[in-house]
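The block underneath contains the structure these notes are about, expressed in structure tokens.
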Amino acid sequence: MSDIPFKNPGWAGNTGEFDLTEEQVRGDDFVGDRPKHGGHASGAGTLPYMLADKHPEAALFEGEYQERFEKILTRYPTKQAALLPALGLAQEIRGHVSPESMDRVAELLDLSPAYVRGVTTFYTMYNKRPVGDHLVQVCTNISCNLAGADEVVDAFLRYTDTELGETSEDGKFTVIEAECLAACGFPTCVQINSRYFENVTPDQVPQICEHLKSQGGE
Amino acid sequence: MAYPYVSDHEVQIVSKHFGDPQQRRVDTYVERGGYQALKKAFDMGPEQVIDMVKSSGLRGRGGAGFPTGVKWSFMPKESGKPHYLLCNADESEPGTFKDRELIRWDPHQLIEGCLIGAYAIGAQHVYIYCRGEFFEVNQILARAVEDAYAKGYIGKDIMGSGNDLELTVHQGAGAYICGEETGLMNSLEGRRGQPRVKPPFPAAVGAFGMPSTINNVETLCAVTHIVDNGGEWYRQYGTEKSPGTKLFCVSGHVNKPGNYELPLGFPLSQMIEEVCGGMRDGNALKAVIPGGSSVPIINAEEVARCNLDYEGCVEVGTMLGCASVIVMDETTDIVKAVRRMVDFYAHESCGQCTPCREGSAWTAKILRRIEDGRGTEEDLDTLMQMTQQMVGTTICVLSDSVAAPVQSSIEKFRDEYLALIRRGERVGAA
Amino acid sequence: MADMVTLTIDGHEVSVPKGTTILEAAKTVGTEVPHYCYHPGMSSPAMCRLCLVEVEGAPKPMPGCVTTVMEGQVVNTQSDQAKSNRQGVLEFYLVNHPLDCPICDMSGECNLQDYVHAEGREQGRGREPKRVFGRDDFGGDVLFYGDRCVMCTRCVRFMSEVEQDHRLTVVERGNRSVIDTFFDEGLDGTDWHENIVDICPVGALVSKDFLHKARAWDLTHTPSICTSCSQGCNIDLHTRDNLVQRIKPRENLDVNGWWICDHGRHNYEWMNRGDRIEAPLARDGSSSRAVGWKDALRGLLDRAASLDAASVKAVASPQSSNEDLAGLKALVDALGGGDIVYRSARAEDEVPLKGFPGLARRHDLAANTTGANLLGMARVGADDASGGLEGVADHGGIVIVLGDGLDDQPESFGGKAGLYIYLGTHESAATTAADYVLPVGTHAESEGTFTNREGRVQRFEPALEPPGMARPAWLILGALAGEQSGGSVARSAGEAFASLAGSNPAFSGISYDDVGSRGAVINESVSLTGD
């Protein structure tokens, strides 16, 4: 795959390549799509949380997800330790962690719902309410900021015609600021759903959004 | 093809295979000599592995710089309880982007290091706490672990040695504070990721209440090579007190930002000029944060005499931290930069300790007011005095990290604050 | 001693058991190190950072609540470092605190007020807009004022560690942290949750029942014992204008720790009842008239003397004190002896406080059943304290009723008696036939002791003025018995108890002073009346 030009050979790759498939960008087929049942138990808790079939009303932990949930339980000495992966799983299925999801997870793990709410709200990656098809998280922390991340945020907000945290009218985008995404050498870094877009400049923003729209809900 | 940028000054040990997608495959890794260090460790025995790591002088690469071998030796020998090795891959210090690269380019190097570490401290289970936002990294790692299980490098009776080790990849959920070792343990246990009061220390009461050791990704990756080549080999790089190589994450206003593996003790100004291709647009250097946003800022004069090792950074009044070098040129608005860092800490404070919970948000509000041109000179005194109340008064050091950039910037760039307060003059304003 | 550690705190050398925290050790030299998150009944998260003290040789100030003492340690709680830390932490609290003391129920007993007054800065430096959380109804009796909260998490830990029903949690993190329940779940259905109002060091958690009812500094605190079950929880009655305004637990590690149940806490309105008997009433034909005590007692004894060898039947109340019951027994004996029965309510279930073994709202819903049993009285009637008085209602001799309201009894109760004496607080249908109705004080108006389910004798003190001519029952009964038998008459509750201790082996050897504020356990093992 050395014929792909890039500045940063990341998974997402240079923003100039965002119309490539992920396999092309990654340079090999090493990862591919992980199975919903989680594959080997050691990594069963580690799938991306925004799948194409996310649905706010979907059943939790059934079928392959049930299998995966049970695999996760085997990896820790306590049931409680499965809480974070279980919430991640709920979000993967439903797109956000609703009070009903918290309640169900609490029941499955013998925890109190209030406890689960306390844990859920501690972590930023659990969406407490539904978000757009594409959750755009622009790193505005120091390194990206030095490279003009604020303008990138503005560009996204302008394109989507939203305020920070708001979902666009067509339900496609929610733009938020993110804390350091650990890609400081490739500023500005934007995480859109599971995927990192690096070296993003404001003028590329419309192009990225058009591309995402053309793919439909991820 | 070379990883974004490389430099002749680099000594590539842990970063040797950056940019090579084949390295992720277990077969390639083994062909290139992988998992031999683990075999060697099994042959040596745990005590000898710890001694070797001690002799290498390897210091924790997560920020604190505590000698790794010494840390391992704190683990009780015959406790009769399960022991855990936790790998801290919750990389989220602003300016740091090395662990993500280490895992996604060379996951087996980390897995091997984890297994060696676990064997040395008598742990039966390794948890790699990988930052939640790293979906890609998590998947690469999960796949690599799966492959290593399939090939018998993890699991029961590894390579016929009779040793059993389990490894789990645990995905975080978005909290900077989970990079603090006891916060990480709470998070792993399914709690709010709030740091715990120490003592008891993790070697006595750690994850799930059991003796635990926690190491950074880069530390464990280095262990793989130390066990492979010996402690003395590692000492040929770096300085007497800070041996070995270190990944420097350079970001900000340089021409070639990126990860560079350099021997410790490398001069900072030489790194900026020769390794990173100099300052962007030929601008003058204004300030550098050499160890991630939690350490004091240094000015151009201090940069000129700063050597990048643990002691060298202390000499110029800052810290090496996790060697995340954030370079700022003359166009940088220091007030805004500091405010943005403090915003981060206010956002990430876990909210337990009063000085941190209230102080970080208050500091951010004052800085925001100054940045908006509504500050007073008394605000600077308030900031200095009030952030001092946040140093050494809390369970973990997050609140100290608020004080570092605020205090150092007011000391070193007071004129810039005053220009903004008195005359509304802003640096870098278009 | 091997297990003692000697250290120096603020220049005083002290020896305390190994494992004691610096904060507790400091109490032994009279120093209360300010703190919020620490509570002796729960785990210590060491997060308020107010109790940081200087320990010589330590690189950083140490939290007194979790740092255990070491031999030879030198601790300074009043050093510049410790004081400036406290000043700093207090200023941080005030950055977002609304300072709405004038409308805050906690005002006057608020630790934030006290600490800031003692050690805070004279002038705050906060200029920024304050964070606003507003008010939330937590269900049950609890209102939450988020802005006043100091995030000590005592309430969260009480619910998870002591009540062991994890209804409360910290939501969000950092500066946005706020205490909450699971959305609308609230605290309803839990039986001990109101203790969180007591342990809240500020006015963040307040009682709806007490909301804006009285200012803390206007309340008089009187040590008392809860009468809602046989556990005998130590409480304080908080009174103003001769009314009980609220009940608060009083620390007693042997009985209830720092806690009381919600049922007991709210069971006080009856003490404020207005329709009381205010003077002795003597029946005269079909009507009754108020008489003076002397006339009442004289007339009563004369009437008794006129009855030939009349047998006595008496009804007592397990809510009466040991002294009252002993007085009743003495009178019955002086009148020739007879059976004394009592009725008491019993609940189907106990309601234990899981995190404090030995504490529960008991089956037995009366304070002094043990005392009644030890005095040879027998329980009759149903579990709702009704019925069981058939033999008494139609008794032809002397009938004496003490304390039982007889609310379920008909107007004909005692109508056939030669002499029917009723000692109580208010009239009912069943007192119509009484020859003498004598007003007595409630336990809130009297002094005395109860014996709880484990045989612990505990004292209570009068918190209210009794209405009109009402007097303690032990005084009235003692005077009657003394007059009748020619014996000595107790002039104080202490003397009444001494007389009981002298005559009843179960209580022998215990003096009123021994009982003190902590209680004393009686000599014989107690039948736990089916508990």
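Identifiers in the structure tokens: chain A, B, ... in order shown; residue index from 1 per chain; ligand index from 1 in order shown.
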Using only C-alpha atoms, what does the table of chain C residues within 12 Å of chain A look like, with each row giving the shortest atom pair and its distance in Å to one decimal, sorted by chain and ascending number, as a Markdown table?
```
| residue | atom | partner | partner_atom | distance |
| --- | --- | --- | --- | --- |
| C:Val156 | CA | A:Tyr115 | CA | 9.8 |
| C:Arg157 | CA | A:Tyr115 | CA | 11.4 |
| C:Met159 | CA | A:Ala114 | CA | 10.9 |
| C:Ser160 | CA | A:Tyr115 | CA | 9.2 |
| C:Gln164 | CA | A:Ser112 | CA | 10.2 |
| C:Asp165 | CA | A:Ser112 | CA | 7.7 |
| C:His166 | CA | A:Ser112 | CA | 5.8 |
| C:Arg167 | CA | A:Ala114 | CA | 5.5 |
| C:Leu168 | CA | A:Ala114 | CA | 6.0 |
| C:Thr169 | CA | A:Gly118 | CA | 5.4 |
| C:Val170 | CA | A:Gly118 | CA | 5.4 |
| C:Val171 | CA | A:Gly118 | CA | 4.7 |
| C:Glu172 | CA | A:Thr121 | CA | 4.7 |
| C:Arg173 | CA | A:Phe122 | CA | 5.4 |
| C:Gly174 | CA | A:Phe122 | CA | 8.9 |
| C:Asn175 | CA | A:Phe122 | CA | 11.7 |
| C:Arg176 | CA | A:Phe122 | CA | 10.1 |
| C:Ser177 | CA | A:Phe122 | CA | 8.8 |
| C:Val178 | CA | A:Gly118 | CA | 9.7 |
| C:Ile179 | CA | A:Gly118 | CA | 9.0 |
| C:Asp180 | CA | A:Ala114 | CA | 7.9 |
| C:Thr181 | CA | A:Ala114 | CA | 5.6 |
| C:Phe182 | CA | A:Ala114 | CA | 4.3 |
| C:Phe183 | CA | A:Pro99 | CA | 7.8 |
| C:Asp184 | CA | A:Ala114 | CA | 10.3 |
| C:Glu185 | CA | A:Ala114 | CA | 8.5 |
| C:Gly186 | CA | A:Ala114 | CA | 9.5 |
| C:Leu187 | CA | A:Ala114 | CA | 10.8 |
```
Restrict the selected residues to N, CA and C atoms and save them as a short mmCIF file (atom, residue, chain, number, x, y, z; two decimals), in the first residue's frame.
```
data_model
loop_
_atom_site.label_atom_id
_atom_site.label_comp_id
_atom_site.auth_asym_id
_atom_site.auth_seq_id
_atom_site.Cartn_x
_atom_site.Cartn_y
_atom_site.Cartn_z
N VAL C 156 -24.07 9.99 50.37
CA VAL C 156 -23.92 8.87 49.44
C VAL C 156 -23.39 7.66 50.19
N ARG C 157 -22.41 7.92 51.06
CA ARG C 157 -21.84 6.79 51.80
C ARG C 157 -22.81 6.24 52.83
N MET C 159 -26.03 6.01 52.48
CA MET C 159 -26.98 5.15 51.77
C MET C 159 -26.31 3.86 51.30
N SER C 160 -25.06 3.94 50.86
CA SER C 160 -24.44 2.72 50.33
C SER C 160 -23.82 1.86 51.42
N GLN C 164 -27.22 0.65 53.14
CA GLN C 164 -26.94 -0.38 52.14
C GLN C 164 -28.03 -0.50 51.09
N ASP C 165 -28.52 0.64 50.70
CA ASP C 165 -29.44 0.73 49.57
C ASP C 165 -28.91 1.92 48.77
N HIS C 166 -28.15 1.61 47.73
CA HIS C 166 -27.34 2.62 47.05
C HIS C 166 -28.21 3.55 46.22
N ARG C 167 -29.03 4.38 46.88
CA ARG C 167 -29.96 5.23 46.14
C ARG C 167 -29.33 6.54 45.69
N LEU C 168 -28.27 6.94 46.38
CA LEU C 168 -27.66 8.23 46.05
C LEU C 168 -26.33 8.02 45.36
N THR C 169 -25.98 8.98 44.55
CA THR C 169 -24.71 8.88 43.86
C THR C 169 -24.23 10.29 43.54
N VAL C 170 -22.95 10.38 43.20
CA VAL C 170 -22.44 11.62 42.65
C VAL C 170 -22.59 11.52 41.14
N VAL C 171 -23.27 12.48 40.57
CA VAL C 171 -23.46 12.50 39.14
C VAL C 171 -22.49 13.51 38.53
N GLU C 172 -22.00 13.23 37.36
CA GLU C 172 -21.01 14.09 36.70
C GLU C 172 -19.70 14.09 37.49
N ARG C 173 -18.81 14.96 37.10
CA ARG C 173 -17.53 14.97 37.80
C ARG C 173 -17.01 16.41 37.87
N GLY C 174 -15.90 16.55 38.58
CA GLY C 174 -15.27 17.85 38.71
C GLY C 174 -16.23 18.85 39.33
N ASN C 175 -16.13 20.05 38.85
CA ASN C 175 -16.91 21.15 39.36
C ASN C 175 -18.41 20.99 39.10
N ARG C 176 -18.76 20.07 38.20
CA ARG C 176 -20.16 19.85 37.87
C ARG C 176 -20.76 18.72 38.70
N SER C 177 -19.96 18.15 39.58
CA SER C 177 -20.45 17.04 40.42
C SER C 177 -21.63 17.50 41.24
N VAL C 178 -22.62 16.63 41.31
CA VAL C 178 -23.78 16.95 42.13
C VAL C 178 -24.37 15.64 42.64
N ILE C 179 -24.93 15.71 43.84
CA ILE C 179 -25.55 14.51 44.41
C ILE C 179 -26.91 14.31 43.76
N ASP C 180 -27.21 13.07 43.43
CA ASP C 180 -28.54 12.82 42.87
C ASP C 180 -28.94 11.37 43.07
N THR C 181 -30.21 11.11 42.83
CA THR C 181 -30.70 9.75 42.86
C THR C 181 -30.80 9.27 41.42
N PHE C 182 -31.31 8.07 41.23
CA PHE C 182 -31.48 7.58 39.86
C PHE C 182 -32.71 8.26 39.24
N PHE C 183 -32.48 9.38 38.59
CA PHE C 183 -33.54 10.15 37.98
C PHE C 183 -34.69 10.36 38.98
N ASP C 184 -35.88 9.82 38.69
CA ASP C 184 -37.02 10.10 39.58
C ASP C 184 -37.17 9.08 40.70
N GLU C 185 -36.22 8.19 40.83
CA GLU C 185 -36.40 7.11 41.81
C GLU C 185 -36.53 7.65 43.23
N GLY C 186 -35.67 8.58 43.58
CA GLY C 186 -35.75 9.18 44.90
C GLY C 186 -35.45 8.22 46.03
N LEU C 187 -35.77 8.66 47.23
CA LEU C 187 -35.44 7.88 48.42
C LEU C 187 -36.67 7.20 49.00
#
```
Residues of chain B near chain A: apply a cut-off of 6 Å, count only C-alpha atoms, and supply the list as a CSV table (one decimal) with N, CA and C atoms, in the first residue's frame.
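What landed in iface.csv:
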```
chain,number,residue,atom,x,y,z
B,4,PRO,N,6.2,9.2,9.5
B,4,PRO,CA,6.1,10.6,9.1
B,4,PRO,C,7.4,11.3,8.9
B,92,SER,N,-3.6,10.3,27.8
B,92,SER,CA,-4.5,11.5,27.6
B,92,SER,C,-3.9,12.8,28.0
B,94,PRO,N,-2.3,16.1,27.6
B,94,PRO,CA,-2.2,16.9,26.4
B,94,PRO,C,-0.8,17.0,25.9
B,95,GLY,N,-0.5,16.8,24.7
B,95,GLY,CA,0.8,16.8,24.1
B,95,GLY,C,1.4,15.4,23.9
B,96,THR,N,0.8,14.4,24.5
B,96,THR,CA,1.3,13.1,24.4
B,96,THR,C,0.6,12.2,23.4
B,97,PHE,N,1.4,11.6,22.5
B,97,PHE,CA,0.8,10.7,21.5
B,97,PHE,C,1.7,9.6,21.2
B,135,PHE,N,-10.4,3.7,19.3
B,135,PHE,CA,-11.1,2.5,18.8
B,135,PHE,C,-10.2,1.7,17.9
B,140,ILE,N,-6.8,-3.1,17.0
B,140,ILE,CA,-5.5,-3.7,16.6
B,140,ILE,C,-5.0,-4.6,17.8
B,142,ALA,N,-6.7,-5.8,20.3
B,142,ALA,CA,-7.6,-7.0,20.6
B,142,ALA,C,-7.2,-8.1,19.6
B,146,GLU,N,-5.6,-11.7,20.5
B,146,GLU,CA,-6.3,-12.9,20.0
B,146,GLU,C,-5.3,-13.8,19.3
B,168,THR,N,-6.2,-9.3,29.3
B,168,THR,CA,-7.4,-8.7,28.9
B,168,THR,C,-7.2,-7.3,28.4
B,169,VAL,N,-7.8,-7.0,27.3
B,169,VAL,CA,-7.8,-5.6,26.9
B,169,VAL,C,-9.1,-4.9,27.4
B,171,GLN,N,-11.2,-1.4,27.7
B,171,GLN,CA,-11.4,-0.2,27.1
B,171,GLN,C,-11.9,0.9,28.1
B,173,ALA,N,-13.4,4.8,29.1
B,173,ALA,CA,-14.6,5.4,28.6
B,173,ALA,C,-14.6,6.9,28.6
B,174,GLY,N,-13.4,7.5,28.7
B,174,GLY,CA,-13.3,8.9,28.6
B,174,GLY,C,-13.2,9.6,29.9
B,175,ALA,N,-12.0,9.6,30.5
B,175,ALA,CA,-11.7,10.3,31.7
B,175,ALA,C,-10.2,10.4,31.8
B,188,LEU,N,-11.2,0.3,36.3
B,188,LEU,CA,-11.1,-1.1,35.9
B,188,LEU,C,-12.2,-1.9,36.7
B,189,GLU,N,-12.3,-1.5,38.0
B,189,GLU,CA,-13.3,-2.2,38.8
B,189,GLU,C,-14.7,-1.8,38.6
B,190,GLY,N,-14.9,-0.9,37.6
B,190,GLY,CA,-16.3,-0.5,37.4
B,190,GLY,C,-16.8,0.6,38.3
B,191,ARG,N,-15.9,1.4,38.7
B,191,ARG,CA,-16.3,2.5,39.6
B,191,ARG,C,-16.1,3.8,38.8
B,192,ARG,N,-16.5,4.9,39.5
B,192,ARG,CA,-16.0,6.2,39.1
B,192,ARG,C,-14.5,6.3,39.2
B,251,SER,N,5.0,18.5,19.5
B,251,SER,CA,3.9,19.1,18.8
B,251,SER,C,4.0,20.6,18.9
B,252,GLY,N,3.2,21.3,18.2
B,252,GLY,CA,3.2,22.7,18.2
B,252,GLY,C,3.9,23.3,17.0
B,257,PRO,N,6.5,18.0,13.4
B,257,PRO,CA,6.1,17.4,14.6
B,257,PRO,C,6.0,15.9,14.5
B,258,GLY,N,6.1,15.2,15.6
B,258,GLY,CA,6.0,13.8,15.6
B,258,GLY,C,6.7,13.1,16.7
```
Task: Residues within 12 Å of Ala419 of chain B, only C-alpha atoms, excluding chain neighbours under 6 positions, as a PyMOL selection string - done: chain B and resi 333-335+370-371+373+375-377+413+425-427
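Picture a line from atom CA of Pro63 of chain C to atom CA of His35 of chain C; it runs 9.7 Å.
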- [ ] Kindly provide, as a PyMOL selection string, the residues of chain B having any atom no farther than 7 Å from an atom of chain C, counting only C-alpha atoms.
- [x] chain B and resi 346-355+357-359+361+365+389+392-394
TODO: Based on DSSP run over this structure's backbone, return all residues of segment 120-342 of chain B in alpha helix (DSSP H), as an MDAnalysis selection string.
DONE: chainID B and resid 120:121 135:150 181:188 217:229 231:235 268:270 300:304 310:315 334:342
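The neighbours of Leu307 of chain C here are the residues that come within 10 Å of it, using only C-alpha atoms and leaving out any residue fewer than 4 positions away in the same chain; they are Asp302, Arg303, Ser311, Gly397, Ile398, Gly418 and Leu419 of chain C.
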All residues 12 Å or closer to segment 105-108 of chain C, only C-alpha atoms, same chain fewer than 2 positions away omitted, as a compact mmCIF listing (two decimals) with C-alpha atoms, in the first residue's frame:
```txt
# COMPACT_ATOMS: atom_id res chain seq x y z
CA LEU C 99 -24.38 32.33 51.10
CA ASP C 100 -28.13 32.15 51.52
CA CYS C 101 -27.79 31.69 55.27
CA PRO C 102 -30.79 33.94 56.05
CA ILE C 103 -33.14 31.45 54.43
CA CYS C 110 -23.76 24.86 59.98
CA ASN C 111 -20.18 23.70 59.90
CA LEU C 112 -19.38 25.93 56.96
CA GLN C 113 -20.57 28.98 58.89
CA ASP C 114 -18.66 27.93 61.96
CA TYR C 115 -15.43 27.10 60.19
CA HIS C 117 -16.24 32.35 60.99
CA LEU C 143 -35.01 18.34 49.93
CA PHE C 144 -31.67 18.91 48.24
CA TYR C 145 -30.25 22.39 47.76
CA ARG C 148 -25.11 24.67 49.26
CA CYS C 149 -23.53 21.23 48.90
CA VAL C 197 -30.10 15.29 56.79
CA ASP C 198 -28.38 15.00 60.17
CA ILE C 199 -24.97 14.16 58.78
CA CYS C 200 -25.04 16.79 56.07
CA PRO C 201 -22.56 19.33 57.44
CA VAL C 202 -24.27 22.19 55.62
CA GLY C 203 -27.78 23.04 54.51
CA ALA C 204 -27.73 21.00 51.32
CA LEU C 205 -30.02 18.28 52.63
CA VAL C 206 -32.90 19.57 54.67
CA SER C 207 -36.01 18.04 56.13
CA LYS C 208 -39.29 18.95 54.49
CA ASP C 209 -40.99 18.43 57.81
CA PHE C 210 -38.75 21.00 59.47
CA LEU C 211 -38.50 23.34 56.48
CA HIS C 212 -38.55 26.96 57.64
CA LYS C 213 -40.19 25.87 60.90
CA ALA C 214 -37.67 27.22 63.37
CA ARG C 215 -34.20 28.72 63.55
CA ALA C 216 -31.55 26.47 65.00
CA TRP C 217 -30.58 28.95 67.69
CA ASP C 218 -34.14 29.15 69.01
CA LEU C 219 -34.31 25.44 69.72
```
Open item on the list: Give me, as a PyMOL selection string, all polymer residues having an atom no more than 7 Å from Thr220 of chain C, counting only C-alpha atoms and skipping those fewer than 2 positions away in the same chain.
Closed with: chain C and resi 218+222+238-240
